[in-house]
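Undergrad: What follows is a single structure, and I will ask about it in a moment.
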Amino acid sequence: MKLETLVGERFKERPSDCHIDSHAFMQRGGYIKYVAGGIYSSFTPMLRVTQKIERILREEMDAIGGQEVLFPVVMPASLWEESGRYESVGNELMRITDRNDSPYLLGMTHEEAAVHLVREYGQTYVKYPFMIYQIQTKFRDEARPRGGLIRAREFTMKDAYSFHTSQEDLERYYEKCLEAYQKICKRVGLPDVVIVASDSGMMGGAVSHEFMLLTQVGEDSIAVCSGCGYRANVEAAESIIKNVPGHTQEITLQHTPDVGTIEDVCKFLNLPAQASCKAVIYQRADNGKTVVLFIRGDIEVNETKLVNHLGCEIRPAVLSENSGLSAGFIGPYNLEDGFTVLFDRSLQGINSLCCGANKKDYHYTGFNIERDCKEVEYGDFAKIFDGGICPECNQSTIEVLRGIELFNIFQLGTKYTKAMNMQYVDKDGNSQYPVMGCYGIGVGRLAASVCEVKRDDYGPIWPISIAPWQVHICCVRADDEEVKACADNLYSKLTEHGVEVIYDDRIVSAGVMFSDADLLGVPVRVIVSPRNIKENCCEIVTRDKTISRKTALDGAEREITEMINQMLSGSIQSS
RNA sequence: CGGGGUGUGGCGAAGUUUGGUAUCGCGCACGGUUCGGGACCGUGAGGCCGGAGGUUCGAAUCCUCUCACUCCGACCA
């Protein structure tokens with residue numbers, strides 16, 4: 001392929017709406033073009049990268065017995081009504097209608113389609129276990145797409161679904177999948193991915209894990225224990241708070257005019273935030289009932305845990321005049337009935353708290369939950385924080401890091417097979433529901449993540465396993481006939497050897513040529529120039545600059561081919 | 001959904017406070033000089049300043065409304 005005819009422009013200036021480097025490089029390097037919020041077209045270089053990633057995914061999925069299938073992008077609402085998700089999933093699900101006004105949707109995940117596909121096939125235990133997967137476009141109407149391909153609305157995903165006759169068998173397979181995913185990480189050039197426990201959210205099921213790439217630009221928060229190695233997504237991390245009981249005090253009403261926030265109250269009363277009890281108010285999304293959650297003043301609510309506890313979505317509550325709640329002054333003592341009242345365990349064991357008095361401009365001090373309230377049950381609704389206590393080893397060694405979620409795997413159990421009535425007959429002749437697992441990888445996100453990690457100031461440094469091309473020939477001074485002839489010759493010989501070559505024989509300055517080569521990030525660069533020709537050689541430089549040497553023009557293609565093979569086999573580390 | 005920000009040739013920006021001929025760099029086209037890290041000189045094409053309404057002799061600039069994008073948060077396999 002000649003660079004001159006490669007469709008797509010490379011340019012110098014960083015687009016103003018790119019806030020992470022991978023996104024900037026993909027736009028600057030002519031990989032992708034913005035179409036609409038979270039929606040991109042791909043040029044050839046991008047497509048070549050993702051196609052190589054897809055090939056790796058296929059190989060690894062096939063290696064664990066997967067069979068590639070293809071589900072539709074557009075599905076009738078009725079299919080999703082079977083699982084109940086047509087109603088339960090929020091407007092991230094793109095709901096559309098056809099010409100007859102019949103409801104359809106754009107696939108954002110394919111559990112329903114998977115069950116639908118194999119419902120008849122899996123009627124007998126003899127057929128189990130099996131796994132099907134697809135690589136296909138998903139659409140999720142994300143509230144806030146960002147970072148280019150890191151979080152897009154339309155994206156390609158490899159999603160796999162496994163079916164089993166027992167939880168034990170699922171767990172065995174789940175482990176195999178975990179290993180396959182680790183292999184994939186390694187092959188695409190991301191060996192430092194960490195596996196964390198996660199919340200399963202709308203997918204349902206009990207156990208799930210995420211593969212996180214630790215990076216500052218990540219959008220997920222991960223709690224990591226530096227002591228015992230415990231790792232979890234902050235959403236799923238258990239929060240442990242130890243309170244030291246202080247002196248017991250009498251409960252006292254305090255006039256606190258115009259101080260509605262916890263910060264102000266503590267300042268006003270000269271108390272630490274750890275000795276305060278704040279009220280966070282939500283509304284249930286299903287019946288609109290108000291939920292009052294009390295939590296220690298300095299600690300944040302983990303809304304994922306709250307949603308899981310309530311079993312329904314929540315939204316921030318709107319307090320009306322006659323709601324019985326006085327915004328800014330809500331407290332557990334003498335609170336009116338009729339609300340769902342929850343206590344976070346961060347409040348447990350504090351003898352003397354300051355809290356709202358349920359009366360405008362008044363707070364209590366000296367409040368003691370055990371003494372002043374009856375029948376309090378504590379739950380875990382708190383967000384783990386940096387410096388917090390590790391749920392495994394009990395030390396204050398939790399660090400909160402940022403990461404990109406590359407993969408997510410779930411043990412779904414029988415949620416979908418039950419809801420959609422998929423059954424098989426076991427060897428005793430009884431009907432059973434198969435147990436499911438699902439395993440997803442975002443292809444574009446993976447490519448962008450590699451770019452985010454493997455790069456320098458000038459562009460991506462693609463590992464050869466997923467690089468758009470293997471060799472980039474720069475013909476410096478292509479207006480020189482002799483130079484051009486040598487470069488042409490090398491190009492055709494390498495191509496004959498089956499090497500993937502991008503050939504730049506444009507008549508442009510060396511700076512332009514090298515800059516473009518940096519943006520394309522091809523692992524091996526070969527420079528043919530008058531200077532080199534004089535010595536009857538050409539220059540071989542790896543994109544990561546670890547190798548740079550000259551070699552005789554005669555037989556150069558053999559040396560280059562050899563180098564590529566060594567890179568592919570891993571005996572030479574490129575980047 | 002809440003809070004900020006930005007919309008000016010293909011890209012990046014200045015101009016907006018204080019109204020007065022549409023400006024700069026990159027890129028693009030043509031000619032010439034250069035030639036190993038985004039060269040230089042000359043010539044040229046390309047924009048009714050996001051949109052609608054208003055104020056004014058006159059609006060990119062002031063006022064009202066609207067749309068889009070973007071960042072932070074919320075939400076989220």
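Letters for chains follow the order of the structure tokens (A, B, ...), residue numbers begin at 1 for each chain, and ligand numbers begin at 1 in the order shown.
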Show me which bits of chain A are within 9 Å of chain B, counting only C-alpha atoms (C1' of nucleotides), as a PyMOL selection string.

TA: chain A and resi 11-17+37+92+109+142-144+200-203+407-410+440+476-477+508-516+529+531

Undergrad: Next, the residues of the selection above should be written as a CSV table (one decimal), in the first residue's frame with N, CA and C atoms.

TA:
```csv
chain,number,residue,atom,x,y,z
A,11,PHE,N,-2.4,15.2,10.3
A,11,PHE,CA,-2.1,16.6,10.5
A,11,PHE,C,-1.4,16.9,11.9
A,12,LYS,N,-0.9,18.1,12.0
A,12,LYS,CA,0.0,18.5,13.0
A,12,LYS,C,-0.7,18.9,14.3
A,13,GLU,N,-1.7,19.7,14.1
A,13,GLU,CA,-2.3,20.3,15.3
A,13,GLU,C,-3.3,19.4,16.0
A,14,ARG,N,-3.2,19.4,17.3
A,14,ARG,CA,-4.1,18.6,18.1
A,14,ARG,C,-5.5,19.2,18.1
A,15,PRO,N,-6.5,18.3,17.7
A,15,PRO,CA,-7.9,18.8,17.7
A,15,PRO,C,-8.3,19.3,19.1
A,16,SER,N,-9.0,20.4,19.1
A,16,SER,CA,-9.3,21.0,20.4
A,16,SER,C,-10.2,20.1,21.3
A,17,ASP,N,-11.0,19.2,20.7
A,17,ASP,CA,-11.9,18.5,21.6
A,17,ASP,C,-11.3,17.1,22.0
A,37,GLY,N,-21.7,12.6,18.3
A,37,GLY,CA,-21.3,12.3,19.7
A,37,GLY,C,-21.1,10.8,19.9
A,92,GLU,N,-30.3,4.3,28.0
A,92,GLU,CA,-29.1,3.8,27.3
A,92,GLU,C,-29.5,2.9,26.2
A,109,THR,N,-26.4,-5.3,23.9
A,109,THR,CA,-25.8,-6.6,24.5
A,109,THR,C,-26.8,-7.7,24.0
A,142,GLU,N,-25.1,6.3,25.4
A,142,GLU,CA,-24.5,6.7,26.6
A,142,GLU,C,-24.8,8.2,26.9
A,143,ALA,N,-24.9,8.5,28.1
A,143,ALA,CA,-25.2,9.9,28.5
A,143,ALA,C,-24.0,10.8,28.2
A,144,ARG,N,-22.8,10.2,28.3
A,144,ARG,CA,-21.6,11.0,28.1
A,144,ARG,C,-20.5,10.3,27.5
A,200,SER,N,-22.4,-6.3,39.2
A,200,SER,CA,-22.9,-6.9,37.9
A,200,SER,C,-24.0,-6.0,37.3
A,201,GLY,N,-24.4,-5.0,38.0
A,201,GLY,CA,-25.3,-4.0,37.4
A,201,GLY,C,-26.5,-4.6,36.7
A,202,MET,N,-26.9,-4.1,35.6
A,202,MET,CA,-28.1,-4.5,34.9
A,202,MET,C,-28.0,-5.9,34.3
A,203,MET,N,-26.8,-6.5,34.3
A,203,MET,CA,-26.6,-7.8,33.7
A,203,MET,C,-27.2,-8.9,34.6
A,407,PHE,N,-12.4,-5.4,29.7
A,407,PHE,CA,-13.3,-6.6,29.5
A,407,PHE,C,-14.1,-6.7,30.8
A,408,ASN,N,-15.2,-7.4,30.6
A,408,ASN,CA,-16.1,-7.7,31.7
A,408,ASN,C,-16.7,-9.1,31.5
A,409,ILE,N,-16.6,-9.9,32.6
A,409,ILE,CA,-17.1,-11.2,32.5
A,409,ILE,C,-18.1,-11.5,33.7
A,410,PHE,N,-19.2,-12.2,33.4
A,410,PHE,CA,-20.2,-12.4,34.4
A,410,PHE,C,-20.6,-13.8,34.5
A,440,GLY,N,-17.4,-10.2,27.7
A,440,GLY,CA,-17.4,-9.1,26.6
A,440,GLY,C,-16.1,-8.4,26.5
A,476,VAL,N,13.3,8.7,1.3
A,476,VAL,CA,13.7,10.1,1.4
A,476,VAL,C,14.3,10.5,0.1
A,477,ARG,N,13.8,11.6,-0.5
A,477,ARG,CA,14.2,12.1,-1.8
A,477,ARG,C,13.8,11.1,-2.9
A,508,VAL,N,8.2,14.7,-0.5
A,508,VAL,CA,8.0,15.7,0.6
A,508,VAL,C,9.3,15.7,1.5
A,509,SER,N,9.4,16.6,2.4
A,509,SER,CA,10.6,16.7,3.2
A,509,SER,C,10.7,15.5,4.2
A,510,ALA,N,11.9,15.2,4.6
A,510,ALA,CA,12.0,14.1,5.5
A,510,ALA,C,11.2,14.3,6.8
A,511,GLY,N,11.1,15.5,7.2
A,511,GLY,CA,10.4,15.8,8.5
A,511,GLY,C,8.9,15.3,8.4
A,512,VAL,N,8.3,15.7,7.3
A,512,VAL,CA,6.9,15.3,7.0
A,512,VAL,C,6.8,13.8,7.0
A,513,MET,N,7.7,13.2,6.3
A,513,MET,CA,7.7,11.8,6.1
A,513,MET,C,7.8,11.0,7.5
A,514,PHE,N,8.8,11.5,8.3
A,514,PHE,CA,9.0,10.8,9.6
A,514,PHE,C,7.8,11.1,10.6
A,515,SER,N,7.3,12.3,10.5
A,515,SER,CA,6.2,12.6,11.4
A,515,SER,C,5.0,11.7,11.0
A,516,ASP,N,4.7,11.6,9.8
A,516,ASP,CA,3.6,10.7,9.4
A,516,ASP,C,3.8,9.3,9.8
A,529,SER,N,17.6,6.4,1.4
A,529,SER,CA,17.9,7.8,1.1
A,529,SER,C,19.2,7.9,0.3
A,531,ARG,N,21.8,9.4,1.1
A,531,ARG,CA,22.9,9.2,2.1
A,531,ARG,C,23.2,7.7,2.2
```

Undergrad: Could you give me, as a PyMOL selection string, the residues within 9 Å of Tyr230 of chain A, counting only C-alpha atoms (C1' of nucleotides) and dropping anything in the same chain fewer than 6 positions from it?

TA: chain A and resi 196+223-224+390-393+398

Undergrad: Quick one: distance from atom CA of His19 of chain A to atom CA of Leu149 of chain A in Å, one decimal?

TA: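 Spanning atom CA of His19 of chain A to atom CA of Leu149 of chain A is a straight-line distance of 12.2 Å.
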
Undergrad: For the structure I just gave you, how does DSSP split segment 31-147 of chain A - specifically, which residues are strand (DSSP E or B)? Reply as a VMD selection string.

TA: chain A and resid 32 to 36 39 to 42 66 to 68 74 to 76 95 to 97 103 to 106 124 130 to 139 146

Undergrad: Which residues in segment 70-281 of chain A does DSSP call helix (DSSP H, G or I)? List them as an mmCIF file with N, CA and C atoms, in the first residue's frame.

TA:
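Output file states11.cif follows:
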```cif
data_model
loop_
_atom_site.group_PDB
_atom_site.id
_atom_site.type_symbol
_atom_site.label_atom_id
_atom_site.label_comp_id
_atom_site.auth_asym_id
_atom_site.auth_seq_id
_atom_site.Cartn_x
_atom_site.Cartn_y
_atom_site.Cartn_z
ATOM 1 N N ALA A 77 -38.730 -5.430 20.169
ATOM 2 C CA ALA A 77 -38.868 -5.197 21.610
ATOM 3 C C ALA A 77 -39.365 -6.460 22.312
ATOM 4 N N SER A 78 -40.169 -7.239 21.592
ATOM 5 C CA SER A 78 -40.769 -8.420 22.219
ATOM 6 C C SER A 78 -39.711 -9.376 22.757
ATOM 7 N N LEU A 79 -38.567 -9.438 22.058
ATOM 8 C CA LEU A 79 -37.500 -10.336 22.506
ATOM 9 C C LEU A 79 -36.983 -9.888 23.869
ATOM 10 N N TRP A 80 -36.863 -8.596 24.025
ATOM 11 C CA TRP A 80 -36.354 -8.067 25.289
ATOM 12 C C TRP A 80 -37.431 -8.018 26.367
ATOM 13 N N GLU A 81 -38.675 -8.084 25.930
ATOM 14 C CA GLU A 81 -39.754 -8.147 26.924
ATOM 15 C C GLU A 81 -39.734 -9.492 27.637
ATOM 16 N N GLU A 82 -39.239 -10.503 26.918
ATOM 17 C CA GLU A 82 -39.152 -11.833 27.531
ATOM 18 C C GLU A 82 -38.275 -11.822 28.777
ATOM 19 N N SER A 83 -37.182 -11.074 28.719
ATOM 20 C CA SER A 83 -36.280 -11.044 29.869
ATOM 21 C C SER A 83 -36.651 -9.943 30.848
ATOM 22 N N ARG A 85 -36.024 -6.866 30.286
ATOM 23 C CA ARG A 85 -35.107 -5.737 30.199
ATOM 24 C C ARG A 85 -35.605 -4.601 29.314
ATOM 25 N N TYR A 86 -36.621 -4.881 28.489
ATOM 26 C CA TYR A 86 -37.132 -3.784 27.662
ATOM 27 C C TYR A 86 -37.631 -2.659 28.556
ATOM 28 N N GLU A 87 -38.188 -3.053 29.699
ATOM 29 C CA GLU A 87 -38.660 -2.050 30.647
ATOM 30 C C GLU A 87 -37.569 -1.626 31.628
ATOM 31 N N SER A 88 -36.769 -2.577 32.080
ATOM 32 C CA SER A 88 -35.891 -2.273 33.210
ATOM 33 C C SER A 88 -34.651 -1.464 32.839
ATOM 34 N N GLU A 111 -27.714 -11.057 25.332
ATOM 35 C CA GLU A 111 -28.129 -12.242 26.098
ATOM 36 C C GLU A 111 -29.445 -12.811 25.566
ATOM 37 N N GLU A 112 -30.392 -11.929 25.297
ATOM 38 C CA GLU A 112 -31.698 -12.376 24.803
ATOM 39 C C GLU A 112 -31.547 -13.086 23.464
ATOM 40 N N ALA A 113 -30.751 -12.442 22.580
ATOM 41 C CA ALA A 113 -30.556 -13.027 21.246
ATOM 42 C C ALA A 113 -29.851 -14.375 21.355
ATOM 43 N N ALA A 114 -28.922 -14.467 22.300
ATOM 44 C CA ALA A 114 -28.168 -15.709 22.466
ATOM 45 C C ALA A 114 -29.096 -16.840 22.917
ATOM 46 N N VAL A 115 -29.911 -16.546 23.914
ATOM 47 C CA VAL A 115 -30.836 -17.561 24.410
ATOM 48 C C VAL A 115 -31.816 -17.949 23.301
ATOM 49 N N HIS A 116 -32.283 -16.931 22.602
ATOM 50 C CA HIS A 116 -33.223 -17.181 21.508
ATOM 51 C C HIS A 116 -32.612 -18.109 20.453
ATOM 52 N N LEU A 117 -31.318 -17.879 20.166
ATOM 53 C CA LEU A 117 -30.656 -18.655 19.113
ATOM 54 C C LEU A 117 -30.524 -20.130 19.467
ATOM 55 N N VAL A 118 -30.249 -20.419 20.746
ATOM 56 C CA VAL A 118 -29.910 -21.804 21.096
ATOM 57 C C VAL A 118 -30.985 -22.502 21.940
ATOM 58 N N TYR A 121 -31.759 -25.780 20.332
ATOM 59 C CA TYR A 121 -30.571 -26.646 20.261
ATOM 60 C C TYR A 121 -30.277 -27.272 21.622
ATOM 61 N N GLY A 122 -30.394 -26.482 22.666
ATOM 62 C CA GLY A 122 -29.973 -26.958 23.979
ATOM 63 C C GLY A 122 -31.051 -27.675 24.767
ATOM 64 N N GLN A 123 -31.748 -28.590 24.114
ATOM 65 C CA GLN A 123 -32.865 -29.241 24.807
ATOM 66 C C GLN A 123 -32.464 -30.465 25.614
ATOM 67 N N TYR A 125 -29.195 -32.440 27.884
ATOM 68 C CA TYR A 125 -27.941 -32.220 28.607
ATOM 69 C C TYR A 125 -26.727 -32.656 27.796
ATOM 70 N N VAL A 126 -26.944 -33.527 26.822
ATOM 71 C CA VAL A 126 -25.844 -34.058 26.023
ATOM 72 C C VAL A 126 -25.108 -32.945 25.260
ATOM 73 N N LYS A 127 -25.856 -31.902 24.939
ATOM 74 C CA LYS A 127 -25.276 -30.820 24.131
ATOM 75 C C LYS A 127 -24.399 -29.865 24.955
ATOM 76 N N GLN A 167 -23.635 -24.915 38.089
ATOM 77 C CA GLN A 167 -22.833 -23.773 38.511
ATOM 78 C C GLN A 167 -21.346 -24.140 38.510
ATOM 79 N N GLU A 168 -21.049 -25.378 38.927
ATOM 80 C CA GLU A 168 -19.651 -25.809 38.997
ATOM 81 C C GLU A 168 -19.026 -25.802 37.610
ATOM 82 N N ASP A 169 -19.795 -26.281 36.642
ATOM 83 C CA ASP A 169 -19.273 -26.322 35.286
ATOM 84 C C ASP A 169 -19.056 -24.911 34.757
ATOM 85 N N LEU A 170 -19.974 -24.007 35.075
ATOM 86 C CA LEU A 170 -19.816 -22.608 34.684
ATOM 87 C C LEU A 170 -18.535 -22.044 35.285
ATOM 88 N N GLU A 171 -18.320 -22.337 36.554
ATOM 89 C CA GLU A 171 -17.148 -21.796 37.225
ATOM 90 C C GLU A 171 -15.858 -22.299 36.601
ATOM 91 N N ARG A 172 -15.864 -23.575 36.223
ATOM 92 C CA ARG A 172 -14.686 -24.123 35.555
ATOM 93 C C ARG A 172 -14.429 -23.383 34.246
ATOM 94 N N TYR A 173 -15.504 -23.195 33.503
ATOM 95 C CA TYR A 173 -15.366 -22.532 32.206
ATOM 96 C C TYR A 173 -14.987 -21.068 32.378
ATOM 97 N N TYR A 174 -15.551 -20.473 33.399
ATOM 98 C CA TYR A 174 -15.269 -19.072 33.726
ATOM 99 C C TYR A 174 -13.770 -18.876 33.940
ATOM 100 N N GLU A 175 -13.166 -19.816 34.626
ATOM 101 C CA GLU A 175 -11.719 -19.769 34.848
ATOM 102 C C GLU A 175 -10.961 -19.858 33.532
ATOM 103 N N LYS A 176 -11.418 -20.752 32.646
ATOM 104 C CA LYS A 176 -10.785 -20.901 31.340
ATOM 105 C C LYS A 176 -10.856 -19.599 30.553
ATOM 106 N N CYS A 177 -12.022 -18.956 30.661
ATOM 107 C CA CYS A 177 -12.236 -17.712 29.954
ATOM 108 C C CYS A 177 -11.318 -16.628 30.501
ATOM 109 N N LEU A 178 -11.189 -16.644 31.794
ATOM 110 C CA LEU A 178 -10.316 -15.685 32.445
ATOM 111 C C LEU A 178 -8.891 -15.826 31.918
ATOM 112 N N GLU A 179 -8.470 -17.067 31.786
ATOM 113 C CA GLU A 179 -7.133 -17.320 31.254
ATOM 114 C C GLU A 179 -7.029 -16.874 29.800
ATOM 115 N N ALA A 180 -8.058 -17.171 29.023
ATOM 116 C CA ALA A 180 -8.054 -16.766 27.611
ATOM 117 C C ALA A 180 -7.935 -15.252 27.518
ATOM 118 N N TYR A 181 -8.610 -14.569 28.393
ATOM 119 C CA TYR A 181 -8.564 -13.107 28.374
ATOM 120 C C TYR A 181 -7.186 -12.589 28.752
ATOM 121 N N GLN A 182 -6.545 -13.291 29.658
ATOM 122 C CA GLN A 182 -5.185 -12.882 29.997
ATOM 123 C C GLN A 182 -4.245 -13.059 28.811
ATOM 124 N N LYS A 183 -4.477 -14.159 28.073
ATOM 125 C CA LYS A 183 -3.675 -14.376 26.864
ATOM 126 C C LYS A 183 -3.908 -13.253 25.864
ATOM 127 N N ILE A 184 -5.163 -12.880 25.724
ATOM 128 C CA ILE A 184 -5.489 -11.803 24.777
ATOM 129 C C ILE A 184 -4.759 -10.519 25.170
ATOM 130 N N CYS A 185 -4.784 -10.211 26.446
ATOM 131 C CA CYS A 185 -4.089 -9.014 26.933
ATOM 132 C C CYS A 185 -2.637 -9.038 26.520
ATOM 133 N N LYS A 186 -2.029 -10.160 26.758
ATOM 134 C CA LYS A 186 -0.618 -10.298 26.452
ATOM 135 C C LYS A 186 -0.390 -10.136 24.956
ATOM 136 N N ARG A 187 -1.219 -10.781 24.167
ATOM 137 C CA ARG A 187 -1.003 -10.759 22.723
ATOM 138 C C ARG A 187 -1.189 -9.375 22.113
ATOM 139 N N VAL A 188 -2.104 -8.601 22.643
ATOM 140 C CA VAL A 188 -2.284 -7.258 22.069
ATOM 141 C C VAL A 188 -1.313 -6.259 22.667
ATOM 142 N N GLY A 201 -24.416 -4.995 38.009
ATOM 143 C CA GLY A 201 -25.343 -4.017 37.424
ATOM 144 C C GLY A 201 -26.541 -4.621 36.740
ATOM 145 N N MET A 202 -26.871 -4.099 35.575
ATOM 146 C CA MET A 202 -28.090 -4.525 34.886
ATOM 147 C C MET A 202 -27.978 -5.935 34.313
ATOM 148 N N MET A 203 -26.752 -6.481 34.283
ATOM 149 C CA MET A 203 -26.586 -7.792 33.690
ATOM 150 C C MET A 203 -27.165 -8.881 34.579
ATOM 151 N N ILE A 262 -23.272 19.973 55.570
ATOM 152 C CA ILE A 262 -22.519 19.337 56.646
ATOM 153 C C ILE A 262 -21.265 20.133 56.983
ATOM 154 N N GLU A 263 -20.635 20.600 55.929
ATOM 155 C CA GLU A 263 -19.413 21.374 56.122
ATOM 156 C C GLU A 263 -19.686 22.594 57.003
ATOM 157 N N ASP A 264 -20.738 23.324 56.642
ATOM 158 C CA ASP A 264 -21.077 24.534 57.385
ATOM 159 C C ASP A 264 -21.469 24.220 58.819
ATOM 160 N N VAL A 265 -22.252 23.162 58.982
ATOM 161 C CA VAL A 265 -22.726 22.811 60.327
ATOM 162 C C VAL A 265 -21.540 22.487 61.239
ATOM 163 N N CYS A 266 -20.631 21.670 60.710
ATOM 164 C CA CYS A 266 -19.492 21.266 61.534
ATOM 165 C C CYS A 266 -18.612 22.469 61.879
ATOM 166 N N LYS A 267 -18.485 23.332 60.924
ATOM 167 C CA LYS A 267 -17.709 24.551 61.171
ATOM 168 C C LYS A 267 -18.404 25.390 62.243
ATOM 169 N N PHE A 268 -19.687 25.532 62.087
ATOM 170 C CA PHE A 268 -20.484 26.367 62.989
ATOM 171 C C PHE A 268 -20.436 25.829 64.422
ATOM 172 N N LEU A 269 -20.551 24.494 64.527
ATOM 173 C CA LEU A 269 -20.576 23.886 65.871
ATOM 174 C C LEU A 269 -19.181 23.488 66.336
ATOM 175 N N ALA A 273 -16.113 16.490 60.904
ATOM 176 C CA ALA A 273 -17.145 15.889 60.056
ATOM 177 C C ALA A 273 -17.393 14.427 60.435
ATOM 178 N N GLN A 274 -16.408 13.791 61.041
ATOM 179 C CA GLN A 274 -16.558 12.395 61.455
ATOM 180 C C GLN A 274 -17.562 12.250 62.599
ATOM 181 N N ALA A 275 -17.898 13.363 63.239
ATOM 182 C CA ALA A 275 -18.861 13.300 64.345
ATOM 183 C C ALA A 275 -20.207 13.820 63.896
#
```

Undergrad: Identify, on the basis of only C-alpha atoms (C1' of nucleotides), every residue whose closest approach to Cys538 of chain A does not exceed 7 Å; exclude the query and any residue fewer than 2 positions from it along the same chain; express the result as a tab-separated table (two decimals) with N, CA and C atoms, in the first residue's frame.

TA:
```
chain	number	residue	atom	x	y	z
A	526	VAL	N	11.94	1.44	7.51
A	526	VAL	CA	13.12	1.29	6.67
A	526	VAL	C	13.31	2.60	5.91
A	527	ILE	N	14.49	3.18	6.06
A	527	ILE	CA	14.76	4.45	5.40
A	527	ILE	C	15.72	4.25	4.23
A	528	VAL	N	15.23	4.60	3.04
A	528	VAL	CA	16.07	4.57	1.85
A	528	VAL	C	16.30	6.03	1.46
A	532	ASN	N	22.13	6.94	2.40
A	532	ASN	CA	22.29	5.50	2.59
A	532	ASN	C	22.72	4.78	1.31
A	533	ILE	N	22.16	5.28	0.21
A	533	ILE	CA	22.47	4.65	-1.08
A	533	ILE	C	23.96	4.73	-1.38
A	540	ILE	N	17.41	0.48	9.14
A	540	ILE	CA	16.26	-0.18	9.77
A	540	ILE	C	16.13	0.37	11.19
A	550	LYS	N	22.13	-0.10	10.16
A	550	LYS	CA	22.17	-0.06	8.70
A	550	LYS	C	22.42	-1.47	8.19
A	551	THR	N	21.92	-1.72	7.00
A	551	THR	CA	22.14	-3.04	6.42
A	551	THR	C	22.29	-2.90	4.92
A	552	ALA	N	23.04	-3.81	4.33
A	552	ALA	CA	23.29	-3.74	2.89
A	552	ALA	C	21.98	-3.87	2.14
A	553	LEU	N	21.83	-3.08	1.07
A	553	LEU	CA	20.61	-3.13	0.27
A	553	LEU	C	20.38	-4.52	-0.28
```

Undergrad: Quote the spacing between atom CA of Ala517 of chain A and atom CA of Gly459 of chain A in Å to one decimal place.

TA: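 According to the coordinates, atom CA of Ala517 of chain A and atom CA of Gly459 of chain A are separated by 8.7 Å.
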
Undergrad: Would you list the contacts of Arg140 of chain A as a PyMOL selection string, taking every protein, DNA or RNA residue within 12 Å and counting only C-alpha atoms (C1' of nucleotides), but skipping same-chain residues closer than 2 positions in sequence?

TA: (chain A and resi 37-39+73+89-95+105-109+137-138+142-145+151-157) or (chain B and resi 76-77)

Undergrad: Let me make sure I understand: among A:Leu190, A:Ile404, A:Leu47, A:Val471, which one has the smallest atom-to-atom distance to Gln216 of chain A if we use only C-alpha atoms?

TA: A:Ile404

Undergrad: Rank nothing, just name the residue among B:G10, B:C30, B:U23, B:U16 nearest to U61 of chain B, using only C-alpha atoms (C1' of nucleotides).

TA: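 Nearest candidate to U61 of chain B out of B:G10, B:C30, B:U23, B:U16: B:U16.
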
Undergrad: Select, from B:G31, B:G3, B:G50, B:G19, the residue with the minimum atom-to-atom distance to C67 of chain B, counting only C-alpha atoms (C1' of nucleotides).

TA: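 That would be B:G50, the residue with the smallest distance to C67 of chain B.
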
Undergrad: Between atom CA of Leu494 of chain A and atom CA of Glu4 of chain A, what is the distance in Å, rounded to a tenth?

TA: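 Atom-to-atom, atom CA of Leu494 of chain A and atom CA of Glu4 of chain A are spaced 18.3 Å apart.
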
Undergrad: Using only C-alpha atoms, which residue out of A:Gly229, A:Ser162, A:Gly189, A:Arg345 lies closest to Pro434 of chain A?

TA: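 The answer is A:Ser162, which sits nearest to Pro434 of chain A.
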
Undergrad: With only C-alpha atoms (C1' of nucleotides) as the atoms that count, which of B:U66, B:G15, B:C41, B:G20 lies nearest to G53 of chain B?

TA: B:U66

Undergrad: Pick from A:Val74, A:Ile241, A:Leu401, A:Ile281: nearest to Val217 of chain A, with only C-alpha atoms counted?

TA: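 Comparing A:Val74, A:Ile241, A:Leu401, A:Ile281 against Val217 of chain A, the winner is A:Leu401.
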
Undergrad: Determine, counting only C-alpha atoms (C1' of nucleotides), which protein, DNA and RNA residues have an atom within 12 Å of an atom of A45 of chain B; residues of the same chain fewer than 4 positions away are not included. Present the result as a short mmCIF file (atom, residue, chain, number, x, y, z; two decimals) with C-alpha atoms (C1' of nucleotides), in the first residue's frame.

TA:
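Written out: result-v3.cif:
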```
data_model
loop_
_atom_site.label_atom_id
_atom_site.label_comp_id
_atom_site.auth_asym_id
_atom_site.auth_seq_id
_atom_site.Cartn_x
_atom_site.Cartn_y
_atom_site.Cartn_z
"C1'" G B 9 -12.67 29.01 5.59
"C1'" C B 28 -5.00 23.08 -0.05
"C1'" A B 29 -3.78 24.77 -5.67
"C1'" C B 30 0.04 26.83 -9.04
#
```

Undergrad: Find the residues near Arg58 of chain A: any atom within 10 Å, counting only C-alpha atoms (C1' of nucleotides), skip ones fewer than 5 places away on the same chain, and give them as a PyMOL selection string.

TA: chain A and resi 52-53+63+66-68+133-135+158
